[in-house]
$ cat structure.cif   # mmCIF, C-alpha atoms and all ligand atoms; chains and numbers go by the auth columns
data_query
#
loop_
_atom_site.group_PDB
_atom_site.id
_atom_site.type_symbol
_atom_site.label_atom_id
_atom_site.label_comp_id
_atom_site.label_asym_id
_atom_site.label_seq_id
_atom_site.Cartn_x
_atom_site.Cartn_y
_atom_site.Cartn_z
_atom_site.B_iso_or_equiv
_atom_site.auth_seq_id
_atom_site.auth_asym_id
ATOM 1 C CA MET A 1 -14.838 -6.088 1.211 0.00 1 A
ATOM 2 C CA LYS A 2 -11.887 -5.578 -1.124 0.00 2 A
ATOM 3 C CA LEU A 3 -9.606 -8.505 -1.898 0.00 3 A
ATOM 4 C CA LYS A 4 -6.078 -8.130 -0.632 0.00 4 A
ATOM 5 C CA GLY A 5 -2.985 -8.169 -2.850 0.00 5 A
ATOM 6 C CA THR A 6 -4.252 -10.253 -5.769 0.00 6 A
ATOM 7 C CA ASN A 7 -3.203 -9.576 -9.373 0.00 7 A
ATOM 8 C CA LYS A 8 -6.230 -7.379 -9.928 0.00 8 A
ATOM 9 C CA ASN A 9 -5.847 -5.635 -6.611 0.00 9 A
ATOM 10 C CA PRO A 10 -2.386 -4.165 -6.100 0.00 10 A
ATOM 11 C CA LYS A 11 -0.678 -4.784 -2.813 0.00 11 A
ATOM 12 C CA ARG A 12 -1.455 -2.255 -0.098 0.00 12 A
ATOM 13 C CA ILE A 13 1.485 -1.553 2.162 0.00 13 A
ATOM 14 C CA GLY A 14 1.418 0.610 5.270 0.00 14 A
ATOM 15 C CA LEU A 15 4.659 2.388 6.158 0.00 15 A
ATOM 16 C CA MET A 16 5.138 3.483 9.734 0.00 16 A
ATOM 17 C CA GLY A 17 8.060 5.867 9.880 0.00 17 A
ATOM 18 C CA GLY A 18 9.549 7.249 13.066 0.00 18 A
ATOM 19 C CA THR A 19 12.545 7.681 15.262 0.00 19 A
ATOM 20 C CA PHE A 20 11.255 4.923 17.552 0.00 20 A
ATOM 21 C CA ASN A 21 13.431 6.180 20.386 0.00 21 A
ATOM 22 C CA PRO A 22 12.098 3.824 21.730 0.00 22 A
ATOM 23 C CA ILE A 23 9.137 2.136 20.018 0.00 23 A
ATOM 24 C CA HIS A 24 6.068 2.042 22.305 0.00 24 A
ATOM 25 C CA ILE A 25 2.532 0.686 22.281 0.00 25 A
ATOM 26 C CA GLY A 26 1.168 3.937 20.795 0.00 26 A
ATOM 27 C CA HIS A 27 3.069 3.097 17.598 0.00 27 A
ATOM 28 C CA LEU A 28 1.896 -0.509 17.624 0.00 28 A
ATOM 29 C CA VAL A 29 -1.776 0.290 18.245 0.00 29 A
ATOM 30 C CA THR A 30 -1.711 2.929 15.491 0.00 30 A
ATOM 31 C CA ALA A 31 -0.163 0.534 12.965 0.00 31 A
ATOM 32 C CA GLU A 32 -2.545 -2.294 13.826 0.00 32 A
ATOM 33 C CA GLU A 33 -5.575 -0.018 13.575 0.00 33 A
ATOM 34 C CA ALA A 34 -4.440 1.269 10.152 0.00 34 A
ATOM 35 C CA PHE A 35 -3.912 -2.328 9.006 0.00 35 A
ATOM 36 C CA PHE A 36 -7.474 -3.132 9.968 0.00 36 A
ATOM 37 C CA GLN A 37 -9.303 0.059 8.940 0.00 37 A
ATOM 38 C CA PHE A 38 -7.598 0.364 5.540 0.00 38 A
ATOM 39 C CA ASN A 39 -7.462 -3.311 4.660 0.00 39 A
ATOM 40 C CA LEU A 40 -3.685 -3.313 4.280 0.00 40 A
ATOM 41 C CA ASP A 41 -1.600 -6.378 3.417 0.00 41 A
ATOM 42 C CA GLU A 42 1.298 -5.583 5.685 0.00 42 A
ATOM 43 C CA ILE A 43 2.896 -2.867 7.775 0.00 43 A
ATOM 44 C CA ILE A 44 6.561 -1.995 7.489 0.00 44 A
ATOM 45 C CA PHE A 45 8.130 -0.039 10.327 0.00 45 A
ATOM 46 C CA VAL A 46 10.890 2.243 9.068 0.00 46 A
ATOM 47 C CA PRO A 47 13.167 3.515 11.835 0.00 47 A
ATOM 48 C CA SER A 48 14.978 6.668 10.762 0.00 48 A
ATOM 49 C CA GLY A 49 18.739 6.826 10.490 0.00 49 A
ATOM 50 C CA LYS A 50 20.237 9.960 11.903 0.00 50 A
ATOM 51 C CA PRO A 51 17.121 12.141 12.000 0.00 51 A
ATOM 52 C CA PRO A 52 17.837 15.474 10.267 0.00 52 A
ATOM 53 C CA HIS A 53 15.478 17.366 12.606 0.00 53 A
ATOM 54 C CA LYS A 54 16.364 15.728 15.926 0.00 54 A
ATOM 55 C CA THR A 55 19.616 16.612 17.582 0.00 55 A
ATOM 56 C CA ASP A 56 19.032 15.816 21.254 0.00 56 A
ATOM 57 C CA ARG A 57 21.715 13.860 22.966 0.00 57 A
ATOM 58 C CA ASP A 58 19.541 11.110 24.348 0.00 58 A
ATOM 59 C CA ILE A 59 18.823 9.513 21.013 0.00 59 A
ATOM 60 C CA ALA A 60 19.729 5.829 21.091 0.00 60 A
ATOM 61 C CA SER A 61 21.893 4.450 18.287 0.00 61 A
ATOM 62 C CA ALA A 62 20.139 3.480 15.058 0.00 62 A
ATOM 63 C CA GLU A 63 21.025 -0.152 15.760 0.00 63 A
ATOM 64 C CA ASP A 64 19.396 -0.109 19.219 0.00 64 A
ATOM 65 C CA ARG A 65 16.265 1.582 17.851 0.00 65 A
ATOM 66 C CA TYR A 66 16.099 -0.922 14.996 0.00 66 A
ATOM 67 C CA LEU A 67 16.518 -3.900 17.329 0.00 67 A
ATOM 68 C CA MET A 68 13.816 -2.643 19.700 0.00 68 A
ATOM 69 C CA ALA A 69 11.458 -2.278 16.720 0.00 69 A
ATOM 70 C CA VAL A 70 12.229 -5.875 15.709 0.00 70 A
ATOM 71 C CA ILE A 71 11.609 -7.119 19.263 0.00 71 A
ATOM 72 C CA ALA A 72 8.327 -5.180 19.497 0.00 72 A
ATOM 73 C CA THR A 73 6.955 -6.429 16.168 0.00 73 A
ATOM 74 C CA ALA A 74 8.279 -10.011 16.179 0.00 74 A
ATOM 75 C CA SER A 75 5.043 -11.652 17.301 0.00 75 A
ATOM 76 C CA ASN A 76 2.818 -9.927 14.716 0.00 76 A
ATOM 77 C CA PRO A 77 2.718 -11.834 11.377 0.00 77 A
ATOM 78 C CA HIS A 78 1.900 -8.727 9.309 0.00 78 A
ATOM 79 C CA PHE A 79 4.496 -6.407 10.894 0.00 79 A
ATOM 80 C CA THR A 80 8.081 -6.164 9.648 0.00 80 A
ATOM 81 C CA VAL A 81 10.935 -3.689 10.115 0.00 81 A
ATOM 82 C CA SER A 82 13.003 -2.192 7.304 0.00 82 A
ATOM 83 C CA ARG A 83 16.664 -1.153 7.541 0.00 83 A
ATOM 84 C CA ILE A 84 16.291 1.085 4.486 0.00 84 A
ATOM 85 C CA GLU A 85 16.832 4.415 6.288 0.00 85 A
ATOM 86 C CA ILE A 86 19.315 3.038 8.800 0.00 86 A
ATOM 87 C CA ASP A 87 21.616 1.687 6.114 0.00 87 A
ATOM 88 C CA ARG A 88 21.408 4.784 3.929 0.00 88 A
ATOM 89 C CA VAL A 89 24.367 7.140 4.030 0.00 89 A
ATOM 90 C CA GLY A 90 23.398 10.729 4.668 0.00 90 A
ATOM 91 C CA PRO A 91 20.041 12.153 5.724 0.00 91 A
ATOM 92 C CA SER A 92 16.857 10.202 5.059 0.00 92 A
ATOM 93 C CA TYR A 93 14.076 11.946 3.243 0.00 93 A
ATOM 94 C CA THR A 94 10.642 10.355 3.084 0.00 94 A
ATOM 95 C CA VAL A 95 10.517 10.959 -0.660 0.00 95 A
ATOM 96 C CA ASP A 96 13.618 8.772 -1.172 0.00 96 A
ATOM 97 C CA THR A 97 12.208 6.018 1.055 0.00 97 A
ATOM 98 C CA LEU A 98 8.929 6.006 -0.880 0.00 98 A
ATOM 99 C CA ARG A 99 10.762 5.764 -4.213 0.00 99 A
ATOM 100 C CA GLU A 100 12.863 2.885 -2.885 0.00 100 A
ATOM 101 C CA MET A 101 9.766 1.036 -1.614 0.00 101 A
ATOM 102 C CA LYS A 102 8.112 1.379 -5.036 0.00 102 A
ATOM 103 C CA ARG A 103 11.274 -0.016 -6.605 0.00 103 A
ATOM 104 C CA ILE A 104 11.314 -3.003 -4.220 0.00 104 A
ATOM 105 C CA TYR A 105 7.598 -3.821 -4.186 0.00 105 A
ATOM 106 C CA GLY A 106 6.614 -2.699 -7.699 0.00 106 A
ATOM 107 C CA VAL A 107 5.165 0.508 -9.101 0.00 107 A
ATOM 108 C CA ASP A 108 1.584 -0.740 -8.755 0.00 108 A
ATOM 109 C CA THR A 109 1.924 -1.188 -5.010 0.00 109 A
ATOM 110 C CA GLU A 110 -0.188 1.281 -3.068 0.00 110 A
ATOM 111 C CA LEU A 111 1.741 2.919 -0.267 0.00 111 A
ATOM 112 C CA PHE A 112 0.057 4.331 2.823 0.00 112 A
ATOM 113 C CA PHE A 113 2.261 6.404 5.056 0.00 113 A
ATOM 114 C CA ILE A 114 0.958 6.219 8.606 0.00 114 A
ATOM 115 C CA THR A 115 1.634 9.094 10.960 0.00 115 A
ATOM 116 C CA GLY A 116 0.313 10.652 14.131 0.00 116 A
ATOM 117 C CA ALA A 117 -1.649 13.863 13.775 0.00 117 A
ATOM 118 C CA ASP A 118 1.336 15.869 14.979 0.00 118 A
ATOM 119 C CA ALA A 119 3.519 14.635 12.138 0.00 119 A
ATOM 120 C CA ILE A 120 0.959 15.213 9.386 0.00 120 A
ATOM 121 C CA ILE A 121 0.939 18.914 10.129 0.00 121 A
ATOM 122 C CA GLU A 122 4.608 18.998 9.223 0.00 122 A
ATOM 123 C CA ILE A 123 4.097 17.356 5.815 0.00 123 A
ATOM 124 C CA LEU A 124 4.441 20.591 3.942 0.00 124 A
ATOM 125 C CA THR A 125 7.826 21.187 5.497 0.00 125 A
ATOM 126 C CA TRP A 126 9.128 17.870 4.134 0.00 126 A
ATOM 127 C CA LYS A 127 11.231 17.653 1.005 0.00 127 A
ATOM 128 C CA ASP A 128 9.206 17.547 -2.246 0.00 128 A
ATOM 129 C CA PRO A 129 5.604 17.330 -0.941 0.00 129 A
ATOM 130 C CA GLU A 130 4.245 17.396 -4.510 0.00 130 A
ATOM 131 C CA ILE A 131 6.278 14.311 -5.441 0.00 131 A
ATOM 132 C CA ILE A 132 5.293 12.590 -2.195 0.00 132 A
ATOM 133 C CA ALA A 133 1.654 13.199 -3.163 0.00 133 A
ATOM 134 C CA ASP A 134 2.174 11.076 -6.283 0.00 134 A
ATOM 135 C CA LEU A 135 3.881 8.253 -4.414 0.00 135 A
ATOM 136 C CA CYS A 136 1.652 7.641 -1.400 0.00 136 A
ATOM 137 C CA GLN A 137 -1.444 8.486 0.559 0.00 137 A
ATOM 138 C CA PHE A 138 -1.346 9.346 4.242 0.00 138 A
ATOM 139 C CA ILE A 139 -3.190 7.872 7.171 0.00 139 A
ATOM 140 C CA ALA A 140 -3.186 10.336 10.041 0.00 140 A
ATOM 141 C CA ALA A 141 -4.028 9.016 13.472 0.00 141 A
ATOM 142 C CA THR A 142 -5.653 11.432 15.845 0.00 142 A
ATOM 143 C CA ARG A 143 -3.302 11.695 18.765 0.00 143 A
ATOM 144 C CA PRO A 144 -4.317 13.231 22.070 0.00 144 A
ATOM 145 C CA GLY A 145 -3.302 16.839 22.429 0.00 145 A
ATOM 146 C CA TYR A 146 -2.880 17.699 18.752 0.00 146 A
ATOM 147 C CA SER A 147 -5.414 19.742 16.860 0.00 147 A
ATOM 148 C CA LEU A 148 -6.153 18.880 13.254 0.00 148 A
ATOM 149 C CA ARG A 149 -7.411 22.355 12.560 0.00 149 A
ATOM 150 C CA LYS A 150 -3.988 23.600 11.433 0.00 150 A
ATOM 151 C CA PHE A 151 -3.807 20.888 8.787 0.00 151 A
ATOM 152 C CA GLU A 152 -7.336 21.558 7.570 0.00 152 A
ATOM 153 C CA GLU A 153 -6.450 25.233 7.188 0.00 153 A
ATOM 154 C CA LEU A 154 -3.458 24.306 5.002 0.00 154 A
ATOM 155 C CA HIS A 155 -5.841 22.774 2.495 0.00 155 A
ATOM 156 C CA LEU A 156 -7.573 26.091 2.140 0.00 156 A
ATOM 157 C CA VAL A 157 -4.394 27.969 1.271 0.00 157 A
ATOM 158 C CA GLY A 158 -3.745 28.328 -2.486 0.00 158 A
ATOM 159 C CA ASN A 159 -4.168 25.398 -4.851 0.00 159 A
ATOM 160 C CA ARG A 160 -0.946 23.623 -4.095 0.00 160 A
ATOM 161 C CA LYS A 161 -1.025 19.902 -4.726 0.00 161 A
ATOM 162 C CA LEU A 162 -1.194 18.241 -1.327 0.00 162 A
ATOM 163 C CA PRO A 163 -0.932 14.544 -0.510 0.00 163 A
ATOM 164 C CA LYS A 164 -4.203 12.720 0.075 0.00 164 A
ATOM 165 C CA VAL A 165 -4.809 12.299 3.793 0.00 165 A
ATOM 166 C CA HIS A 166 -7.217 9.910 5.477 0.00 166 A
ATOM 167 C CA PHE A 167 -7.933 10.575 9.119 0.00 167 A
ATOM 168 C CA MET A 168 -8.218 7.663 11.486 0.00 168 A
ATOM 169 C CA GLU A 169 -9.411 7.631 15.046 0.00 169 A
ATOM 170 C CA ILE A 170 -7.435 5.533 17.456 0.00 170 A
ATOM 171 C CA PRO A 171 -8.010 4.863 21.134 0.00 171 A
ATOM 172 C CA ALA A 172 -6.531 7.764 23.063 0.00 172 A
ATOM 173 C CA LEU A 173 -2.955 6.932 23.976 0.00 173 A
ATOM 174 C CA ALA A 174 -1.055 9.721 25.631 0.00 174 A
ATOM 175 C CA ILE A 175 2.185 7.804 25.261 0.00 175 A
ATOM 176 C CA SER A 176 5.295 9.289 23.712 0.00 176 A
ATOM 177 C CA SER A 177 8.917 8.217 23.467 0.00 177 A
ATOM 178 C CA THR A 178 9.841 11.501 25.146 0.00 178 A
ATOM 179 C CA ASP A 179 7.818 10.540 28.209 0.00 179 A
ATOM 180 C CA ILE A 180 9.295 7.040 28.232 0.00 180 A
ATOM 181 C CA ARG A 181 12.862 8.396 28.118 0.00 181 A
ATOM 182 C CA LEU A 182 12.029 10.750 30.988 0.00 182 A
ATOM 183 C CA ARG A 183 10.535 7.899 33.004 0.00 183 A
ATOM 184 C CA VAL A 184 13.657 5.795 32.547 0.00 184 A
ATOM 185 C CA LYS A 185 15.870 8.712 33.502 0.00 185 A
ATOM 186 C CA GLU A 186 13.860 9.307 36.679 0.00 186 A
ATOM 187 C CA GLY A 187 13.567 5.631 37.555 0.00 187 A
ATOM 188 C CA ARG A 188 9.784 5.531 37.029 0.00 188 A
ATOM 189 C CA PRO A 189 8.139 2.456 35.435 0.00 189 A
ATOM 190 C CA VAL A 190 7.682 1.953 31.687 0.00 190 A
ATOM 191 C CA LYS A 191 6.116 -1.470 32.101 0.00 191 A
ATOM 192 C CA TYR A 192 3.022 -1.857 29.843 0.00 192 A
ATOM 193 C CA LEU A 193 3.910 1.363 27.959 0.00 193 A
ATOM 194 C CA VAL A 194 6.419 -0.576 25.860 0.00 194 A
ATOM 195 C CA PRO A 195 6.309 -4.293 25.024 0.00 195 A
ATOM 196 C CA GLU A 196 7.899 -6.520 27.660 0.00 196 A
ATOM 197 C CA GLY A 197 10.894 -7.364 25.438 0.00 197 A
ATOM 198 C CA VAL A 198 11.612 -3.678 24.832 0.00 198 A
ATOM 199 C CA ASP A 199 11.493 -2.998 28.579 0.00 199 A
ATOM 200 C CA GLN A 200 14.039 -5.782 29.089 0.00 200 A
ATOM 201 C CA TYR A 201 16.238 -4.504 26.255 0.00 201 A
ATOM 202 C CA LEU A 202 16.254 -0.976 27.716 0.00 202 A
ATOM 203 C CA LYS A 203 17.438 -2.347 31.050 0.00 203 A
ATOM 204 C CA LYS A 204 19.991 -4.706 29.524 0.00 204 A
ATOM 205 C CA ARG A 205 21.583 -1.903 27.477 0.00 205 A
ATOM 206 C CA GLY A 206 21.104 0.794 30.118 0.00 206 A
ATOM 207 C CA LEU A 207 19.483 3.089 27.534 0.00 207 A
ATOM 208 C CA TYR A 208 18.243 6.587 28.439 0.00 208 A
ATOM 209 C CA LYS A 209 19.745 6.447 31.904 0.00 209 A
ATOM 210 C CA GLU A 210 21.313 9.613 33.259 0.00 210 A
ATOM 211 C CA HIS A 211 24.831 8.151 33.303 0.00 211 A
ATOM 212 C CA GLU A 212 25.620 5.683 30.570 0.00 212 A
HETATM 213 P P1 LIG B . 9.177 11.558 20.505 0.00 1 B
HETATM 214 O O1 LIG B . 8.428 11.894 21.764 0.00 1 B
HETATM 215 O O2 LIG B . 10.618 11.241 20.712 0.00 1 B
HETATM 216 O O3 LIG B . 8.935 12.525 19.397 0.00 1 B
HETATM 217 P P2 LIG B . 7.108 9.802 19.528 0.00 1 B
HETATM 218 O O4 LIG B . 6.398 9.081 20.606 0.00 1 B
HETATM 219 O O5 LIG B . 6.430 10.994 18.932 0.00 1 B
HETATM 220 O O6 LIG B . 8.581 10.157 20.015 0.00 1 B
HETATM 221 P P3 LIG B . 8.095 9.064 16.953 0.00 1 B
HETATM 222 O O7 LIG B . 9.098 8.018 16.697 0.00 1 B
HETATM 223 O O8 LIG B . 8.511 10.495 16.890 0.00 1 B
HETATM 224 O O9 LIG B . 7.465 8.756 18.415 0.00 1 B
HETATM 225 O O10 LIG B . 6.802 8.867 16.094 0.00 1 B
HETATM 226 C C1 LIG B . 6.641 8.004 15.010 0.00 1 B
HETATM 227 C C2 LIG B . 5.215 8.167 14.495 0.00 1 B
HETATM 228 O O11 LIG B . 4.269 7.644 15.456 0.00 1 B
HETATM 229 C C3 LIG B . 4.800 9.625 14.277 0.00 1 B
HETATM 230 O O12 LIG B . 4.000 9.676 13.110 0.00 1 B
HETATM 231 C C4 LIG B . 3.986 9.953 15.515 0.00 1 B
HETATM 232 O O13 LIG B . 3.050 10.969 15.262 0.00 1 B
HETATM 233 C C5 LIG B . 3.300 8.615 15.795 0.00 1 B
HETATM 234 N N1 LIG B . 2.958 8.426 17.202 0.00 1 B
HETATM 235 C C6 LIG B . 3.782 8.449 18.253 0.00 1 B
HETATM 236 N N2 LIG B . 3.140 8.222 19.412 0.00 1 B
HETATM 237 C C7 LIG B . 1.837 8.028 19.092 0.00 1 B
HETATM 238 C C8 LIG B . 0.643 7.756 19.870 0.00 1 B
HETATM 239 N N3 LIG B . 0.682 7.624 21.190 0.00 1 B
HETATM 240 N N4 LIG B . -0.514 7.626 19.196 0.00 1 B
HETATM 241 C C9 LIG B . -0.534 7.780 17.842 0.00 1 B
HETATM 242 N N5 LIG B . 0.542 8.031 17.060 0.00 1 B
HETATM 243 C C10 LIG B . 1.719 8.160 17.673 0.00 1 B
HETATM 244 MG MG MG B . 7.513 12.440 17.720 0.00 2 B
#
$ encode --input "structure.cif" --output "structure tokens"
Amino acid sequence: MKLKGTNKNPKRIGLMGGTFNPIHIGHLVTAEEAFFQFNLDEIIFVPSGKPPHKTDRDIASAEDRYLMAVIATASNPHFTVSRIEIDRVGPSYTVDTLREMKRIYGVDTELFFITGADAIIEILTWKDPEIIADLCQFIAATRPGYSLRKFEELHLVGNRKLPKVHFMEIPALAISSTDIRLRVKEGRPVKYLVPEGVDQYLKKRGLYKEHE
């Protein structure tokens, strides 16, 4: 087994990016499994600021999404939440976040960007995929309902430099923030789909309800 974060072994940091609108146990299970399977030193959740690709009206404020991420991760000693994308002015690109993380934690730090299988397929549509490939590796969690075949086919097209991707199997969790928002709107339960504290926060702030 490899030693963690010693001088000889650079620190291994997992980054879990997302809208987290709201954070749910699918995110937490995925991050914990990556921590374990890839022998990481810590996981940093990075809630997005104003997501450039999401425009729907029922997106909670960045501050609410950040606070729910803090509540959800508080009890785990190797989970933290970063404000890096929330505090940035203008759109957040993954490439900028990766550069900033290298600046904060040192150039030797190994960054692992953790995503669900649905997100990995979009990698090539992100800004500067070739630069991203130099800054981090990816850990793609197999998520129910998403085929990996599309991504595998991308590797066969041309000889473009693509980021290194490790695939990771996680227990099937058909949980999504979209479904949770719908449940809240329709008055159906979200108990056990989100951590208890997040459930309480949603109710306290009246988030995702039809009439706010
Ligand atoms: P939405 O339905 O609003 O898109 P989401 O549940 O997909 O929300 P995001 O914040 O978009 O959550 O996702 C953040 C990251 O977590 C993405 O990489 C996504 O693929 C991954 N992810 C989300 N839900 C799961 C799940 N149940 N299992 C594994 N990975 C997940
Ligand atoms: Mg999503």
$ residues_near_ligand --input "structure.cif" --ligand "ligand LIG 1 (chain B)" --cutoff "8 Å" --atoms "all atoms listed in the file" --output "PyMOL selection string"
chain A and resi 16-27+29-30+47+114-120+140-144+170+172-179
$ write_last_selection --input "structure.cif" --atoms "C-alpha atoms" --output "PDB file, keeping the file's coordinate frame"
ATOM      1  CA  MET A  16       5.138   3.483   9.734  1.00  0.00           C
ATOM      2  CA  GLY A  17       8.060   5.867   9.880  1.00  0.00           C
ATOM      3  CA  GLY A  18       9.549   7.249  13.066  1.00  0.00           C
ATOM      4  CA  THR A  19      12.545   7.681  15.262  1.00  0.00           C
ATOM      5  CA  PHE A  20      11.255   4.923  17.552  1.00  0.00           C
ATOM      6  CA  ASN A  21      13.431   6.180  20.386  1.00  0.00           C
ATOM      7  CA  PRO A  22      12.098   3.824  21.730  1.00  0.00           C
ATOM      8  CA  ILE A  23       9.137   2.136  20.018  1.00  0.00           C
ATOM      9  CA  HIS A  24       6.068   2.042  22.305  1.00  0.00           C
ATOM     10  CA  ILE A  25       2.532   0.686  22.281  1.00  0.00           C
ATOM     11  CA  GLY A  26       1.168   3.937  20.795  1.00  0.00           C
ATOM     12  CA  HIS A  27       3.069   3.097  17.598  1.00  0.00           C
ATOM     13  CA  VAL A  29      -1.776   0.290  18.245  1.00  0.00           C
ATOM     14  CA  THR A  30      -1.711   2.929  15.491  1.00  0.00           C
ATOM     15  CA  PRO A  47      13.167   3.515  11.835  1.00  0.00           C
ATOM     16  CA  ILE A 114       0.958   6.219   8.606  1.00  0.00           C
ATOM     17  CA  THR A 115       1.634   9.094  10.960  1.00  0.00           C
ATOM     18  CA  GLY A 116       0.313  10.652  14.131  1.00  0.00           C
ATOM     19  CA  ALA A 117      -1.649  13.863  13.775  1.00  0.00           C
ATOM     20  CA  ASP A 118       1.336  15.869  14.979  1.00  0.00           C
ATOM     21  CA  ALA A 119       3.519  14.635  12.138  1.00  0.00           C
ATOM     22  CA  ILE A 120       0.959  15.213   9.386  1.00  0.00           C
ATOM     23  CA  ALA A 140      -3.186  10.336  10.041  1.00  0.00           C
ATOM     24  CA  ALA A 141      -4.028   9.016  13.472  1.00  0.00           C
ATOM     25  CA  THR A 142      -5.653  11.432  15.845  1.00  0.00           C
ATOM     26  CA  ARG A 143      -3.302  11.695  18.765  1.00  0.00           C
ATOM     27  CA  PRO A 144      -4.317  13.231  22.070  1.00  0.00           C
ATOM     28  CA  ILE A 170      -7.435   5.533  17.456  1.00  0.00           C
ATOM     29  CA  ALA A 172      -6.531   7.764  23.063  1.00  0.00           C
ATOM     30  CA  LEU A 173      -2.955   6.932  23.976  1.00  0.00           C
ATOM     31  CA  ALA A 174      -1.055   9.721  25.631  1.00  0.00           C
ATOM     32  CA  ILE A 175       2.185   7.804  25.261  1.00  0.00           C
ATOM     33  CA  SER A 176       5.295   9.289  23.712  1.00  0.00           C
ATOM     34  CA  SER A 177       8.917   8.217  23.467  1.00  0.00           C
ATOM     35  CA  THR A 178       9.841  11.501  25.146  1.00  0.00           C
ATOM     36  CA  ASP A 179       7.818  10.540  28.209  1.00  0.00           C
TER      37      ASP A 179
END
$ resolve_selection --input "structure.cif" --expression "the PyMOL selection byres (((chain A and resi 40) around 12) and not hetatm)" --output "PyMOL selection string"
chain A and resi 1-5+9-15+31-39+41-44+78-79+109-114+139
$ closest_residue --input "structure.cif" --among "A:Ser61, A:Arg183, A:Lys204, A:Leu135" --to "Lys102 in chain A" --atoms "all atoms listed in the file"
A:Leu135
$ atom_distance --input "structure.cif" --atom1 "CA of Val184 in chain A" --atom2 "CA of Gly206 in chain A"
9.3 Å
$ resolve_selection --input "structure.cif" --expression "the PyMOL selection byres (((chain A and resi 82) around 12) and not hetatm)" --output "mmCIF file with C-alpha atoms, in the coordinates of the input"
data_model
loop_
_atom_site.group_PDB
_atom_site.id
_atom_site.type_symbol
_atom_site.label_atom_id
_atom_site.label_comp_id
_atom_site.auth_asym_id
_atom_site.auth_seq_id
_atom_site.Cartn_x
_atom_site.Cartn_y
_atom_site.Cartn_z
ATOM 1 C CA LEU A 15 4.659 2.388 6.158
ATOM 2 C CA MET A 16 5.138 3.483 9.734
ATOM 3 C CA GLY A 17 8.060 5.867 9.880
ATOM 4 C CA GLY A 18 9.549 7.249 13.066
ATOM 5 C CA ILE A 43 2.896 -2.867 7.775
ATOM 6 C CA ILE A 44 6.561 -1.995 7.489
ATOM 7 C CA PHE A 45 8.130 -0.039 10.327
ATOM 8 C CA VAL A 46 10.890 2.243 9.068
ATOM 9 C CA PRO A 47 13.167 3.515 11.835
ATOM 10 C CA SER A 48 14.978 6.668 10.762
ATOM 11 C CA GLY A 49 18.739 6.826 10.490
ATOM 12 C CA ALA A 62 20.139 3.480 15.058
ATOM 13 C CA GLU A 63 21.025 -0.152 15.760
ATOM 14 C CA ARG A 65 16.265 1.582 17.851
ATOM 15 C CA TYR A 66 16.099 -0.922 14.996
ATOM 16 C CA LEU A 67 16.518 -3.900 17.329
ATOM 17 C CA ALA A 69 11.458 -2.278 16.720
ATOM 18 C CA VAL A 70 12.229 -5.875 15.709
ATOM 19 C CA THR A 73 6.955 -6.429 16.168
ATOM 20 C CA PHE A 79 4.496 -6.407 10.894
ATOM 21 C CA THR A 80 8.081 -6.164 9.648
ATOM 22 C CA VAL A 81 10.935 -3.689 10.115
ATOM 23 C CA ARG A 83 16.664 -1.153 7.541
ATOM 24 C CA ILE A 84 16.291 1.085 4.486
ATOM 25 C CA GLU A 85 16.832 4.415 6.288
ATOM 26 C CA ILE A 86 19.315 3.038 8.800
ATOM 27 C CA ASP A 87 21.616 1.687 6.114
ATOM 28 C CA ARG A 88 21.408 4.784 3.929
ATOM 29 C CA THR A 97 12.208 6.018 1.055
ATOM 30 C CA GLU A 100 12.863 2.885 -2.885
ATOM 31 C CA MET A 101 9.766 1.036 -1.614
ATOM 32 C CA ILE A 104 11.314 -3.003 -4.220
#
$ atom_distance --input "structure.cif" --atom1 "CA of Gly197 in chain A" --atom2 "CA of Thr94 in chain A"
28.5 Å
$ axis_aligned_box --input "structure.cif" --around "range 8-20 of chain A" --padding-each-side "8 Å" --output "lines of an AutoDock Vina configuration file"
center_x = 3.2
center_y = 0.2
center_z = 3.8
size_x = 34.8
size_y = 31.1
size_z = 43.5
$ resolve_selection --input "structure.cif" --expression "the PyMOL selection byres (((chain A and resi 123-133) around 8) and not hetatm)" --output "PyMOL selection string"
chain A and resi 93-95+98+119-122+134-137+161-164
$ atom_distance --input "structure.cif" --atom1 "CA of Lys185 in chain A" --atom2 "CA of Lys50 in chain A"
22.1 Å
$ residues_around --input "structure.cif" --residues "Leu207 in chain A" --least-positions-apart "2" --cutoff "12 Å" --atoms "only C-alpha atoms" --output "number ranges by chain"
A: 21-22, 57-61, 64-65, 68, 180-185, 187, 198-205, 209-212
